[in-house]
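K.L.:
Structure file upload30.txt (compact mmCIF, C-alpha atoms and all ligand atoms) is given on the next line.
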```txt
# COMPACT_ATOMS: atom_id res chain seq x y z
CA MET B 202 159.90 -99.45 -31.41
CA THR B 203 162.21 -99.14 -34.44
CA THR B 204 164.58 -96.21 -34.90
CA LEU B 205 165.71 -94.89 -38.30
CA ALA B 206 169.15 -96.42 -37.78
CA GLN B 207 167.64 -99.83 -36.98
CA TYR B 208 165.30 -99.59 -39.98
CA LEU B 209 168.13 -98.78 -42.40
CA LYS B 210 170.23 -101.63 -41.01
CA ALA B 211 167.35 -104.11 -41.26
CA GLN B 212 166.71 -103.07 -44.87
CA LYS B 213 170.38 -103.81 -45.65
CA THR B 214 170.39 -100.38 -47.35
CA ASP B 215 173.65 -99.47 -49.07
CA SER B 216 175.81 -98.10 -46.24
CA ALA B 217 176.73 -94.93 -48.17
CA VAL B 218 173.04 -94.16 -48.85
CA SER B 219 172.17 -94.86 -45.20
CA ASP B 220 174.96 -92.58 -44.07
CA VAL B 221 173.76 -89.70 -46.27
CA ILE B 222 170.16 -90.19 -45.11
CA THR B 223 171.43 -90.02 -41.53
CA THR B 224 173.36 -86.80 -42.25
CA VAL B 225 170.31 -85.12 -43.83
CA THR B 226 167.90 -86.23 -41.09
CA GLU B 227 170.30 -85.09 -38.36
CA VAL B 228 170.23 -81.61 -39.91
CA GLY B 229 166.44 -81.99 -39.94
CA LYS B 230 166.56 -82.23 -36.15
CA THR B 231 168.40 -78.89 -35.98
CA ILE B 232 165.96 -77.20 -38.35
CA SER B 233 163.06 -78.62 -36.33
CA GLN B 234 164.50 -77.20 -33.10
CA LEU B 235 165.03 -73.77 -34.70
CA LEU B 236 161.43 -73.75 -35.96
CA ARG B 237 160.16 -74.66 -32.48
CA LYS B 238 161.84 -71.46 -31.25
CA GLY B 239 160.44 -69.38 -34.15
CA ALA B 240 160.91 -65.65 -33.60
CA LEU B 241 163.00 -66.38 -30.49
CA ALA B 242 165.69 -67.93 -32.70
CA ASP B 243 165.88 -64.89 -35.04
CA ILE B 244 165.11 -67.13 -38.03
CA LEU B 245 162.05 -65.29 -39.37
CA GLY B 246 161.87 -62.71 -42.12
CA GLU B 247 163.80 -62.00 -45.29
CA ALA B 248 167.48 -62.67 -45.90
CA GLY B 249 167.66 -59.60 -48.14
CA ASN B 250 168.58 -61.25 -51.45
CA GLN B 251 167.06 -63.18 -54.34
CA ASN B 252 167.86 -66.79 -55.26
CA VAL B 253 168.40 -68.19 -58.73
CA GLN B 254 164.62 -68.81 -58.90
CA GLY B 255 164.00 -65.05 -58.63
CA GLU B 256 162.47 -65.54 -55.18
CA GLU B 257 163.16 -63.33 -52.15
CA GLN B 258 165.14 -65.65 -49.87
CA LYS B 259 163.95 -66.06 -46.29
CA LYS B 260 166.53 -66.25 -43.49
CA LEU B 261 165.57 -69.88 -42.91
CA ASP B 262 165.97 -70.74 -46.63
CA VAL B 263 169.60 -69.67 -46.35
CA LEU B 264 170.21 -71.14 -42.89
CA ALA B 265 168.70 -74.54 -43.77
CA ASN B 266 170.71 -74.58 -47.00
CA ASP B 267 173.97 -73.76 -45.19
CA LEU B 268 173.35 -76.37 -42.46
CA LEU B 269 172.78 -79.09 -45.08
CA LEU B 270 175.74 -77.94 -47.18
CA ASP B 271 178.13 -77.94 -44.20
CA ALA B 272 176.96 -81.35 -42.98
CA LEU B 273 177.16 -82.97 -46.43
CA ALA B 274 180.60 -81.46 -47.06
CA GLN B 275 181.75 -83.61 -44.10
CA ASN B 276 180.10 -86.76 -45.44
CA LYS B 277 182.72 -88.73 -47.38
CA HIS B 278 180.03 -90.42 -49.51
CA CYS B 279 178.77 -87.12 -50.95
CA ALA B 280 180.56 -86.06 -54.15
CA GLY B 281 178.41 -83.01 -54.80
CA VAL B 282 175.28 -81.10 -53.85
CA ALA B 283 172.53 -79.25 -55.74
CA SER B 284 170.06 -77.01 -53.93
CA GLU B 285 167.14 -74.74 -54.74
CA GLU B 286 169.11 -72.01 -53.01
CA LEU B 287 172.40 -72.45 -54.94
CA ASP B 288 172.88 -71.17 -58.51
CA ASP B 289 175.04 -74.16 -59.45
CA ALA B 290 175.96 -77.59 -58.10
CA THR B 291 178.61 -77.49 -55.37
CA PRO B 292 181.48 -80.01 -55.02
CA ALA B 293 181.77 -82.00 -51.79
CA ASN B 294 184.12 -84.98 -51.39
CA ALA B 295 186.59 -86.32 -53.97
CA ASP B 296 185.91 -89.99 -53.23
CA GLY B 297 182.15 -89.66 -52.85
CA ASN B 298 179.87 -91.86 -54.97
CA LEU B 299 176.56 -90.10 -54.28
CA LEU B 300 174.97 -86.82 -55.32
CA VAL B 301 172.52 -85.10 -52.98
CA LEU B 302 169.85 -82.64 -54.16
CA PHE B 303 167.54 -80.77 -51.83
CA ASP B 304 164.97 -78.10 -51.29
CA PRO B 305 166.27 -77.03 -47.90
CA LEU B 306 163.12 -75.22 -46.85
CA ASP B 307 159.93 -76.00 -48.76
CA GLY B 308 156.95 -73.71 -48.22
CA SER B 309 158.96 -70.59 -47.37
CA SER B 310 155.85 -68.38 -47.47
CA ASN B 311 154.64 -70.31 -44.38
CA ILE B 312 157.72 -69.62 -42.20
CA ASP B 313 156.61 -66.24 -40.82
CA ILE B 314 153.02 -67.37 -40.19
CA ASN B 315 153.99 -70.47 -38.21
CA MET B 316 152.50 -72.88 -40.75
CA ALA B 317 153.90 -76.21 -42.00
CA VAL B 318 157.23 -76.21 -43.87
CA GLY B 319 159.60 -79.00 -44.85
CA THR B 320 162.89 -80.19 -46.34
CA ILE B 321 162.87 -82.37 -49.48
CA PHE B 322 165.87 -84.50 -50.49
CA SER B 323 166.89 -86.79 -53.34
CA ILE B 324 169.95 -89.07 -53.63
CA LEU B 325 171.42 -89.93 -57.05
CA PRO B 326 174.36 -92.16 -58.00
CA TYR B 327 177.56 -90.47 -59.10
CA GLN B 328 179.22 -92.36 -61.93
CA ARG B 329 182.52 -90.48 -62.30
CA GLN B 330 185.53 -90.08 -60.04
CA GLY B 331 186.48 -87.02 -58.00
CA GLN B 332 184.25 -84.38 -56.48
CA THR B 333 181.87 -82.66 -58.82
CA SER B 334 180.29 -79.31 -59.38
CA GLU B 335 179.29 -80.29 -62.88
CA ASN B 336 175.57 -79.69 -63.20
CA SER B 337 175.58 -82.35 -65.92
CA ASP B 338 176.43 -85.07 -63.37
CA PHE B 339 173.15 -84.25 -61.64
CA LEU B 340 171.00 -84.34 -64.78
CA GLN B 341 169.63 -87.86 -64.29
CA ALA B 342 165.97 -88.89 -64.64
CA GLY B 343 164.02 -89.40 -61.41
CA ASN B 344 164.04 -93.17 -62.05
CA ALA B 345 167.73 -93.14 -61.12
CA GLN B 346 167.13 -91.99 -57.55
CA LEU B 347 168.61 -94.31 -54.90
CA ALA B 348 166.48 -92.77 -52.16
CA ALA B 349 164.15 -89.81 -51.61
CA GLY B 350 162.25 -88.30 -48.73
CA TYR B 351 161.09 -85.27 -46.88
CA LEU B 352 160.99 -83.86 -43.38
CA LEU B 353 157.70 -82.21 -42.46
CA TYR B 354 158.00 -79.65 -39.67
CA GLY B 355 154.35 -79.66 -38.68
CA THR B 356 152.53 -80.10 -35.38
CA SER B 357 155.11 -82.85 -35.02
CA THR B 358 158.24 -83.40 -37.09
CA MET B 359 157.95 -86.39 -39.39
CA LEU B 360 160.20 -88.08 -41.93
CA ALA B 361 158.82 -89.84 -45.01
CA LEU B 362 161.36 -92.01 -46.80
CA THR B 363 161.68 -94.49 -49.63
CA VAL B 364 164.94 -96.38 -50.10
CA VAL B 365 164.41 -99.91 -51.39
CA ASP B 366 160.78 -100.28 -52.41
CA ASN B 367 158.01 -99.09 -50.11
CA VAL B 368 157.37 -95.81 -48.26
CA VAL B 369 157.88 -95.52 -44.52
CA MET B 370 157.19 -92.74 -42.02
CA PHE B 371 158.97 -91.82 -38.81
CA SER B 372 158.07 -89.37 -36.06
CA LEU B 373 160.80 -87.37 -34.34
CA ASP B 374 160.47 -88.15 -30.64
CA PRO B 375 161.25 -84.84 -28.86
CA ASP B 376 162.23 -86.75 -25.70
CA SER B 377 164.77 -89.15 -27.21
CA ASN B 378 165.50 -86.96 -30.28
CA ASP B 379 165.26 -90.18 -32.34
CA TYR B 380 163.20 -90.84 -35.48
CA ILE B 381 160.77 -93.64 -34.56
CA LEU B 382 159.04 -95.76 -37.23
CA VAL B 383 155.28 -95.10 -37.22
CA LYS B 384 154.15 -96.38 -40.67
CA ASP B 385 155.98 -99.13 -42.50
CA ASN B 386 154.16 -99.49 -45.80
CA VAL B 387 152.25 -96.40 -46.87
CA GLN B 388 149.63 -97.02 -49.58
CA ILE B 389 147.40 -94.44 -51.33
CA ASP B 390 143.78 -95.23 -52.37
CA ALA B 391 143.36 -95.19 -56.14
CA ASP B 392 140.27 -92.96 -55.87
CA THR B 393 139.76 -89.69 -54.02
CA SER B 394 137.37 -86.77 -53.56
CA GLU B 395 139.99 -84.33 -52.30
CA TYR B 396 142.22 -82.10 -54.42
CA ALA B 397 144.86 -79.41 -53.89
CA ILE B 398 145.54 -76.54 -56.27
CA ASN B 399 146.16 -72.81 -56.01
CA SER B 400 142.91 -71.76 -57.72
CA SER B 401 143.94 -68.11 -57.95
CA ASN B 402 146.00 -69.13 -61.01
CA TYR B 403 142.89 -70.34 -62.91
CA ARG B 404 143.27 -67.86 -65.77
CA TYR B 405 146.86 -69.02 -66.40
CA TRP B 406 146.00 -72.72 -66.84
CA ARG B 407 145.48 -74.64 -70.08
CA ALA B 408 141.86 -75.45 -71.07
CA PRO B 409 141.87 -79.13 -69.95
CA MET B 410 143.01 -78.15 -66.45
CA GLN B 411 140.34 -75.44 -66.28
CA GLN B 412 137.79 -78.06 -67.39
CA TYR B 413 139.02 -80.52 -64.75
CA ILE B 414 138.70 -78.02 -61.90
CA ASP B 415 135.32 -76.80 -63.19
CA GLU B 416 134.09 -80.41 -62.96
CA LEU B 417 135.35 -80.77 -59.37
CA VAL B 418 133.73 -77.48 -58.33
CA ALA B 419 130.44 -78.60 -59.95
CA GLY B 420 130.48 -81.59 -57.59
CA ASP B 421 127.36 -83.79 -57.63
CA THR B 422 125.61 -81.36 -60.01
CA GLY B 423 128.22 -82.10 -62.71
CA VAL B 424 129.69 -84.97 -64.73
CA ARG B 425 131.67 -86.36 -61.77
CA GLY B 426 128.42 -86.99 -59.86
CA ARG B 427 129.97 -86.45 -56.43
CA ASP B 428 131.19 -83.56 -54.27
CA PHE B 429 134.91 -82.84 -53.86
CA ASN B 430 136.83 -81.12 -51.06
CA MET B 431 139.77 -78.72 -51.58
CA ARG B 432 142.90 -78.19 -49.46
CA TRP B 433 145.99 -75.99 -50.12
CA VAL B 434 148.89 -75.94 -47.63
CA ALA B 435 151.16 -73.71 -49.80
CA ALA B 436 153.95 -76.15 -48.91
CA MET B 437 154.27 -79.12 -51.27
CA VAL B 438 155.51 -81.24 -48.36
CA GLY B 439 152.26 -80.63 -46.45
CA ASP B 440 150.03 -81.44 -49.43
CA VAL B 441 152.01 -84.56 -50.34
CA HIS B 442 151.99 -85.73 -46.72
CA ARG B 443 148.20 -85.39 -46.57
CA ILE B 444 147.95 -87.46 -49.77
CA LEU B 445 150.25 -90.16 -48.37
CA CYS B 446 148.04 -90.23 -45.26
CA ARG B 447 144.54 -90.15 -46.81
CA GLY B 448 144.79 -89.98 -50.61
CA GLY B 449 144.03 -87.01 -52.84
CA LEU B 450 145.29 -85.19 -55.90
CA PHE B 451 147.86 -82.36 -55.82
CA THR B 452 148.63 -80.24 -58.84
CA TYR B 453 150.73 -77.23 -59.67
CA PRO B 454 149.90 -77.32 -63.38
CA PHE B 455 151.33 -75.77 -66.53
CA ASP B 456 150.59 -72.09 -66.34
CA THR B 457 151.53 -69.02 -68.33
CA LYS B 458 152.40 -67.07 -65.15
CA TYR B 459 155.90 -68.50 -64.65
CA PRO B 460 158.90 -67.66 -66.83
CA ASN B 461 159.15 -70.87 -68.88
CA LYS B 462 155.43 -71.60 -68.53
CA ALA B 463 155.99 -74.96 -66.84
CA GLY B 464 154.43 -73.92 -63.56
CA LYS B 465 156.32 -73.25 -60.34
CA LEU B 466 157.70 -76.55 -59.05
CA ARG B 467 161.26 -77.70 -59.72
CA LEU B 468 161.90 -81.14 -61.19
CA MET B 469 165.16 -82.18 -59.54
CA TYR B 470 164.51 -81.45 -55.86
CA GLU B 471 160.73 -81.18 -55.57
CA ALA B 472 158.88 -83.15 -58.28
CA ASN B 473 161.31 -86.10 -58.62
CA PRO B 474 161.68 -87.00 -54.91
CA MET B 475 157.95 -86.51 -54.30
CA SER B 476 157.07 -88.56 -57.40
CA LEU B 477 159.23 -91.47 -56.20
CA LEU B 478 157.44 -91.45 -52.84
CA ILE B 479 153.99 -91.21 -54.45
CA GLU B 480 154.64 -94.02 -56.97
CA ARG B 481 156.19 -96.30 -54.32
CA ALA B 482 152.97 -95.74 -52.28
CA GLY B 483 150.87 -96.90 -55.24
CA GLY B 484 150.00 -93.47 -56.63
CA SER B 485 150.89 -91.73 -59.91
CA ALA B 486 152.90 -88.60 -60.74
CA THR B 487 152.82 -86.90 -64.15
CA ASP B 488 153.36 -83.56 -65.82
CA ALA B 489 149.67 -84.01 -66.84
CA THR B 490 150.46 -86.54 -69.57
CA HIS B 491 153.94 -88.01 -69.01
CA ARG B 492 155.42 -89.82 -65.99
CA ILE B 493 157.63 -87.34 -64.13
CA LEU B 494 160.27 -89.94 -63.23
CA ASP B 495 160.89 -90.57 -66.96
CA ILE B 496 161.69 -86.92 -67.74
CA ALA B 497 165.28 -86.40 -68.95
CA PRO B 498 166.41 -83.20 -67.20
CA THR B 499 168.22 -80.41 -69.04
CA ASP B 500 168.83 -78.00 -66.15
CA ILE B 501 169.15 -78.52 -62.39
CA HIS B 502 166.57 -75.80 -61.74
CA GLN B 503 164.10 -76.64 -64.48
CA ARG B 504 160.43 -76.41 -63.60
CA VAL B 505 157.80 -79.00 -64.44
CA PRO B 506 154.02 -79.12 -64.24
CA VAL B 507 152.96 -81.58 -61.51
CA VAL B 508 149.83 -83.72 -61.17
CA LEU B 509 150.27 -86.40 -58.50
CA GLY B 510 148.38 -88.57 -56.03
CA SER B 511 145.57 -91.13 -56.24
CA LYS B 512 146.17 -93.14 -59.40
CA ASN B 513 142.66 -93.12 -60.93
CA GLU B 514 142.32 -89.35 -60.42
CA VAL B 515 145.74 -88.65 -62.00
CA ASP B 516 144.68 -90.89 -64.92
CA TYR B 517 141.43 -88.90 -65.25
CA VAL B 518 143.40 -85.65 -65.59
CA LYS B 519 145.69 -87.31 -68.16
CA ASP B 520 142.69 -88.47 -70.24
CA LEU B 521 141.22 -84.94 -70.24
CA HIS B 522 144.55 -83.57 -71.53
CA LEU B 523 145.03 -86.29 -74.17
CA LYS B 524 141.45 -85.80 -75.44
CA HIS B 525 142.07 -82.07 -75.69
CA ASP B 526 145.49 -82.22 -77.37
P1 LIG M 1 159.57 -73.21 -51.91
O1 LIG M 1 159.07 -72.57 -50.66
O2 LIG M 1 160.61 -74.27 -51.67
O3 LIG M 1 160.01 -72.19 -52.94
O4 LIG M 1 158.38 -74.05 -52.55
C1 LIG M 1 157.11 -73.51 -52.52
C2 LIG M 1 156.28 -74.25 -53.54
C3 LIG M 1 155.60 -75.49 -52.97
O5 LIG M 1 156.08 -75.90 -51.75
C4 LIG M 1 154.17 -75.09 -52.83
O6 LIG M 1 153.32 -76.16 -53.18
C5 LIG M 1 154.03 -73.95 -53.82
O7 LIG M 1 155.30 -73.35 -53.95
C6 LIG M 1 153.06 -72.92 -53.33
O8 LIG M 1 152.94 -72.00 -54.40
P2 LIG M 1 151.98 -70.74 -54.23
O9 LIG M 1 152.67 -69.86 -53.23
O10 LIG M 1 151.92 -70.17 -55.62
O11 LIG M 1 150.65 -71.26 -53.75
MN MN M 2 159.83 -76.06 -52.45
MN MN M 3 162.51 -74.04 -50.88
MN MN M 4 161.74 -71.10 -52.76
```
Could you rewrite the structure in this file as C-alpha cells?
P.N.:
Amino acid sequence: MTTLAQYLKAQKTDSAVSDVITTVTEVGKTISQLLRKGALADILGEAGNQNVQGEEQKKLDVLANDLLLDALAQNKHCAGVASEELDDATPANADGNLLVLFDPLDGSSNIDINMAVGTIFSILPYQRQGQTSENSDFLQAGNAQLAAGYLLYGTSTMLALTVVDNVVMFSLDPDSNDYILVKDNVQIDADTSEYAINSSNYRYWRAPMQQYIDELVAGDTGVRGRDFNMRWVAAMVGDVHRILCRGGLFTYPFDTKYPNKAGKLRLMYEANPMSLLIERAGGSATDATHRILDIAPTDIHQRVPVVLGSKNEVDYVKDLHLKHD
C-alpha cells in the first residue's frame, strides 16, 4: 500500500511542488468531510452573490475557495493564487516560487442534489521574486504546468494527479484518512463509443460540431457504422474521471450562448489541468483544432472550447472542423 506522501517521495518530486500538492489534498479531505455531512453541515444552497464569471455562487464554492486560500497562504512555496471564485490573482508568500490555480468546487449545480463534484488544481512556476497578485505572472501556457490534478468527491473521494510523466489515482481511505495509490499508470484507449456533451446547446454550436453529434446519434445507421452511448455528469471532474477510467470523448464546444462565444469552460483552472492529465494518459485535448496546452493565455478567467479524451475520436472531431473551415 502506497500513500500519497510515499509516492511523491519515491518520484523524487520537487519538494516545493510536493508540499503544495499536500496542502491542496489536505484541504480536499476537509471538503470531502463537509460533503459527507451535506445539509447537516449547512453547506448547501446559495451564498447570495455572483462571481466574476457571472454565476450565482454556492455556499460551498465560497467555503472551498476560502479553505484553499487560507491553507495556501500558509504554504511558504506559494507566491500567489488564482481561483474561479476570485476576480483577480491573490498574493501569498514573498519567497514562494510556485503559483497555484484552482477551481475550488467544480460542478456546483450538483451540490444541492448530492451528485458528484470536485476540486481542480494546477501548479505553475513563478519566475520573479516576491509575492504576486499580478495576473500576468499566471498567464503561462498549459505546457508550463509543473503538476495538475483533481479531487473527485463521488461515491468515494479520489485524487487524480500528474507530476512527472504519467497519471496516477489515489483513493481517500476514510479509516486512515490517507490517500492510497490505486492506479499507477492510467492509459486511455485511442478509440471510444462513448461521448459527453450538453446536447441542449445544439442550436448554439458551429456546423461541424452539429454534424459530429448528428453522426453519433445516427449510430450504426450513419457514416460511423456503430452505435454510441452518451453520458453527462454536469461536473467536468466526473466526465474526465470516467474518460480516464474507460475512455470516451468530452466536449464543451464553441457556442454562441456564452459571452465571448468560447463556450463555458475556463482555460487556466479547468481546461489546462484536465488537458495535462488527459495527454499524460495518452489522450488528446484541443479547442476543436488546436492543442489546449499550447494556447497562450490573455486573461486568467478566459474561456476556451474543449474537446478531449480518446485520441482517435478527438482527431476525428478536428478533421471535421478543418474540412469545414
Ligand atoms: P463550475 O461548477 O466550476 O462552474 O463548473 C461547471 C462546468 C463543468 O464542471 C461542467 O462540465 C459544466 O460546467 C456543466 O455545464 P452545464 O451546466 O451547462 O451542463
Ligand atoms: Mn468548474
Ligand atoms: Mn467551480
Ligand atoms: Mn462556477
K.L.:
Neighbouring residues of ligand LIG 1 (chain M) are defined here as those with any atom at most 9 Å from a ligand atom, counting all atoms listed in the file; list them as a PyMOL selection string.
P.N.:
chain B and resi 254+256+258+262+285-286+304-311+318-321+398-402+433-441+451-453+465-467+471
K.L.:
Would you list the contacts of Val282 of chain B as a PyMOL selection string, taking every protein, DNA or RNA residue within 6 Å and counting all atoms listed in the file, but skipping same-chain residues closer than 2 positions in sequence?
P.N.:
chain B and resi 290-291+300-302
K.L.:
Tell me, as a PyMOL selection string, which residues lie within 6 Å of Ala342 of chain B, counting only C-alpha atoms; anything in the same chain fewer than 4 positions away does not count.
P.N.:
chain B and resi 494-497
K.L.:
With only C-alpha atoms as the counted atoms, please give the residues lying no more than 9 Å from segment 202-211 of chain B, apart from itself and same-chain residues fewer than 5 positions off, as a PyMOL selection string.
P.N.:
chain B and resi 216+219+223+364+371+379-383
K.L.:
May I have the residues at most 12 Å from (155.1, -67.0, -64.6) in the file's coordinates, counting all atoms listed in the file, as a list in words?
P.N.:
Gln254, Gly255, Asn402, Arg404, Tyr405, Trp406, Pro454, Phe455, Asp456, Thr457, Lys458, Tyr459, Pro460, Asn461, Lys462, Ala463, Gly464, Lys465, Leu466 and Arg504 of chain B
K.L.:
Could you pull the residues within 12 Å of Val515 of chain B, counting all atoms listed in the file, minus those fewer than 3 positions along the same chain, as a PyMOL selection string?
P.N.:
chain B and resi 390-393+396+410+413+448-452+479-480+483-492+507-512+518-522
K.L.:
Next, dump the selected residues to file, keeping only C-alpha atoms, as a PDB file, keeping the file's coordinate frame.
P.N.:
```pdb
ATOM      1  CA  ASP B 390     143.780 -95.230 -52.370  1.00  0.00           C
ATOM      2  CA  ALA B 391     143.360 -95.190 -56.140  1.00  0.00           C
ATOM      3  CA  ASP B 392     140.270 -92.960 -55.870  1.00  0.00           C
ATOM      4  CA  THR B 393     139.760 -89.690 -54.020  1.00  0.00           C
ATOM      5  CA  TYR B 396     142.220 -82.100 -54.420  1.00  0.00           C
ATOM      6  CA  MET B 410     143.010 -78.150 -66.450  1.00  0.00           C
ATOM      7  CA  TYR B 413     139.020 -80.520 -64.750  1.00  0.00           C
ATOM      8  CA  GLY B 448     144.790 -89.980 -50.610  1.00  0.00           C
ATOM      9  CA  GLY B 449     144.030 -87.010 -52.840  1.00  0.00           C
ATOM     10  CA  LEU B 450     145.290 -85.190 -55.900  1.00  0.00           C
ATOM     11  CA  PHE B 451     147.860 -82.360 -55.820  1.00  0.00           C
ATOM     12  CA  THR B 452     148.630 -80.240 -58.840  1.00  0.00           C
ATOM     13  CA  ILE B 479     153.990 -91.210 -54.450  1.00  0.00           C
ATOM     14  CA  GLU B 480     154.640 -94.020 -56.970  1.00  0.00           C
ATOM     15  CA  GLY B 483     150.870 -96.900 -55.240  1.00  0.00           C
ATOM     16  CA  GLY B 484     150.000 -93.470 -56.630  1.00  0.00           C
ATOM     17  CA  SER B 485     150.890 -91.730 -59.910  1.00  0.00           C
ATOM     18  CA  ALA B 486     152.900 -88.600 -60.740  1.00  0.00           C
ATOM     19  CA  THR B 487     152.820 -86.900 -64.150  1.00  0.00           C
ATOM     20  CA  ASP B 488     153.360 -83.560 -65.820  1.00  0.00           C
ATOM     21  CA  ALA B 489     149.670 -84.010 -66.840  1.00  0.00           C
ATOM     22  CA  THR B 490     150.460 -86.540 -69.570  1.00  0.00           C
ATOM     23  CA  HIS B 491     153.940 -88.010 -69.010  1.00  0.00           C
ATOM     24  CA  ARG B 492     155.420 -89.820 -65.990  1.00  0.00           C
ATOM     25  CA  VAL B 507     152.960 -81.580 -61.510  1.00  0.00           C
ATOM     26  CA  VAL B 508     149.830 -83.720 -61.170  1.00  0.00           C
ATOM     27  CA  LEU B 509     150.270 -86.400 -58.500  1.00  0.00           C
ATOM     28  CA  GLY B 510     148.380 -88.570 -56.030  1.00  0.00           C
ATOM     29  CA  SER B 511     145.570 -91.130 -56.240  1.00  0.00           C
ATOM     30  CA  LYS B 512     146.170 -93.140 -59.400  1.00  0.00           C
ATOM     31  CA  VAL B 518     143.400 -85.650 -65.590  1.00  0.00           C
ATOM     32  CA  LYS B 519     145.690 -87.310 -68.160  1.00  0.00           C
ATOM     33  CA  ASP B 520     142.690 -88.470 -70.240  1.00  0.00           C
ATOM     34  CA  LEU B 521     141.220 -84.940 -70.240  1.00  0.00           C
ATOM     35  CA  HIS B 522     144.550 -83.570 -71.530  1.00  0.00           C
TER      36      HIS B 522
END
```
K.L.:
Could you check the closest approach to ligand MN 2 (chain M) for each of B:Asp526, B:Ser284, B:Ser334, B:Thr358 and tell me which residue wins, using all atoms listed in the file?
P.N.:
B:Ser284
K.L.:
Please determine, counting only C-alpha atoms and all ligand atoms, which residue among B:His278, B:Arg425, B:Lys230, B:Lys259 has the shortest atom-to-atom distance to ligand MN 3 (chain M).
P.N.:
B:Lys259
K.L.:
Put the listed atoms of segment 249-257 of chain B in a box along x, y and z with 6 Å added on every side and give me the centre and edge lengths in Å to one decimal, as lines of an AutoDock Vina configuration file.
P.N.:
```
center_x = 165.5
center_y = -64.2
center_z = -53.5
size_x = 18.1
size_y = 21.2
size_z = 22.8
```
K.L.:
Have a look at B:Tyr327, B:Phe429, B:Ser372, B:Phe322 and name the one nearest to ligand MN 2 (chain M); count only C-alpha atoms and all ligand atoms.
P.N.:
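Closest to ligand MN 2 (chain M), using only C-alpha atoms and all ligand atoms: B:Phe322.
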K.L.:
By how many Å are atom CA of Asn336 of chain B and atom CA of Tyr351 of chain B apart?
P.N.:
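Computing it gives 22.5 Å between the two atoms.
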K.L.:
Missing atoms in segment 375-387 of chain B: fill them in up to N, CA, C and O atoms and send the result as an mmCIF file, in the coordinates of the input.
P.N.:
```
data_model
loop_
_atom_site.group_PDB
_atom_site.id
_atom_site.type_symbol
_atom_site.label_atom_id
_atom_site.label_comp_id
_atom_site.auth_asym_id
_atom_site.auth_seq_id
_atom_site.Cartn_x
_atom_site.Cartn_y
_atom_site.Cartn_z
ATOM 1 N N PRO B 375 160.553 -85.976 -29.468
ATOM 2 C CA PRO B 375 161.250 -84.840 -28.860
ATOM 3 C C PRO B 375 161.988 -85.225 -27.567
ATOM 4 O O PRO B 375 162.957 -84.587 -27.181
ATOM 5 N N ASP B 376 161.558 -86.340 -26.951
ATOM 6 C CA ASP B 376 162.230 -86.750 -25.700
ATOM 7 C C ASP B 376 163.559 -87.443 -26.001
ATOM 8 O O ASP B 376 164.600 -87.097 -25.495
ATOM 9 N N SER B 377 163.519 -88.423 -26.916
ATOM 10 C CA SER B 377 164.770 -89.150 -27.210
ATOM 11 C C SER B 377 165.562 -88.506 -28.344
ATOM 12 O O SER B 377 166.711 -88.860 -28.611
ATOM 13 N N ASN B 378 164.891 -87.587 -29.093
ATOM 14 C CA ASN B 378 165.500 -86.960 -30.280
ATOM 15 C C ASN B 378 165.869 -88.011 -31.331
ATOM 16 O O ASN B 378 166.837 -87.865 -32.067
ATOM 17 N N ASP B 379 165.102 -89.097 -31.360
ATOM 18 C CA ASP B 379 165.260 -90.180 -32.340
ATOM 19 C C ASP B 379 164.068 -90.203 -33.293
ATOM 20 O O ASP B 379 162.945 -89.860 -32.881
ATOM 21 N N TYR B 380 164.319 -90.621 -34.550
ATOM 22 C CA TYR B 380 163.200 -90.840 -35.480
ATOM 23 C C TYR B 380 162.671 -92.247 -35.232
ATOM 24 O O TYR B 380 163.416 -93.226 -35.337
ATOM 25 N N ILE B 381 161.386 -92.351 -34.912
ATOM 26 C CA ILE B 381 160.770 -93.640 -34.560
ATOM 27 C C ILE B 381 159.777 -94.043 -35.658
ATOM 28 O O ILE B 381 158.914 -93.231 -36.057
ATOM 29 N N LEU B 382 159.905 -95.270 -36.151
ATOM 30 C CA LEU B 382 159.040 -95.760 -37.230
ATOM 31 C C LEU B 382 157.578 -95.784 -36.781
ATOM 32 O O LEU B 382 157.255 -96.367 -35.743
ATOM 33 N N VAL B 383 156.707 -95.120 -37.570
ATOM 34 C CA VAL B 383 155.280 -95.100 -37.220
ATOM 35 C C VAL B 383 154.384 -95.682 -38.319
ATOM 36 O O VAL B 383 153.249 -96.069 -38.088
ATOM 37 N N LYS B 384 154.908 -95.735 -39.574
ATOM 38 C CA LYS B 384 154.150 -96.380 -40.670
ATOM 39 C C LYS B 384 155.146 -97.107 -41.548
ATOM 40 O O LYS B 384 156.100 -96.493 -42.024
ATOM 41 N N ASP B 385 154.907 -98.435 -41.764
ATOM 42 C CA ASP B 385 155.980 -99.130 -42.500
ATOM 43 C C ASP B 385 155.603 -99.539 -43.912
ATOM 44 O O ASP B 385 156.360 -100.187 -44.587
ATOM 45 N N ASN B 386 154.442 -99.224 -44.386
ATOM 46 C CA ASN B 386 154.160 -99.490 -45.800
ATOM 47 C C ASN B 386 152.980 -98.622 -46.235
ATOM 48 O O ASN B 386 151.840 -99.065 -46.285
ATOM 49 N N VAL B 387 153.292 -97.386 -46.544
ATOM 50 C CA VAL B 387 152.250 -96.400 -46.870
ATOM 51 C C VAL B 387 151.642 -96.721 -48.230
ATOM 52 O O VAL B 387 152.379 -96.995 -49.182
#
```
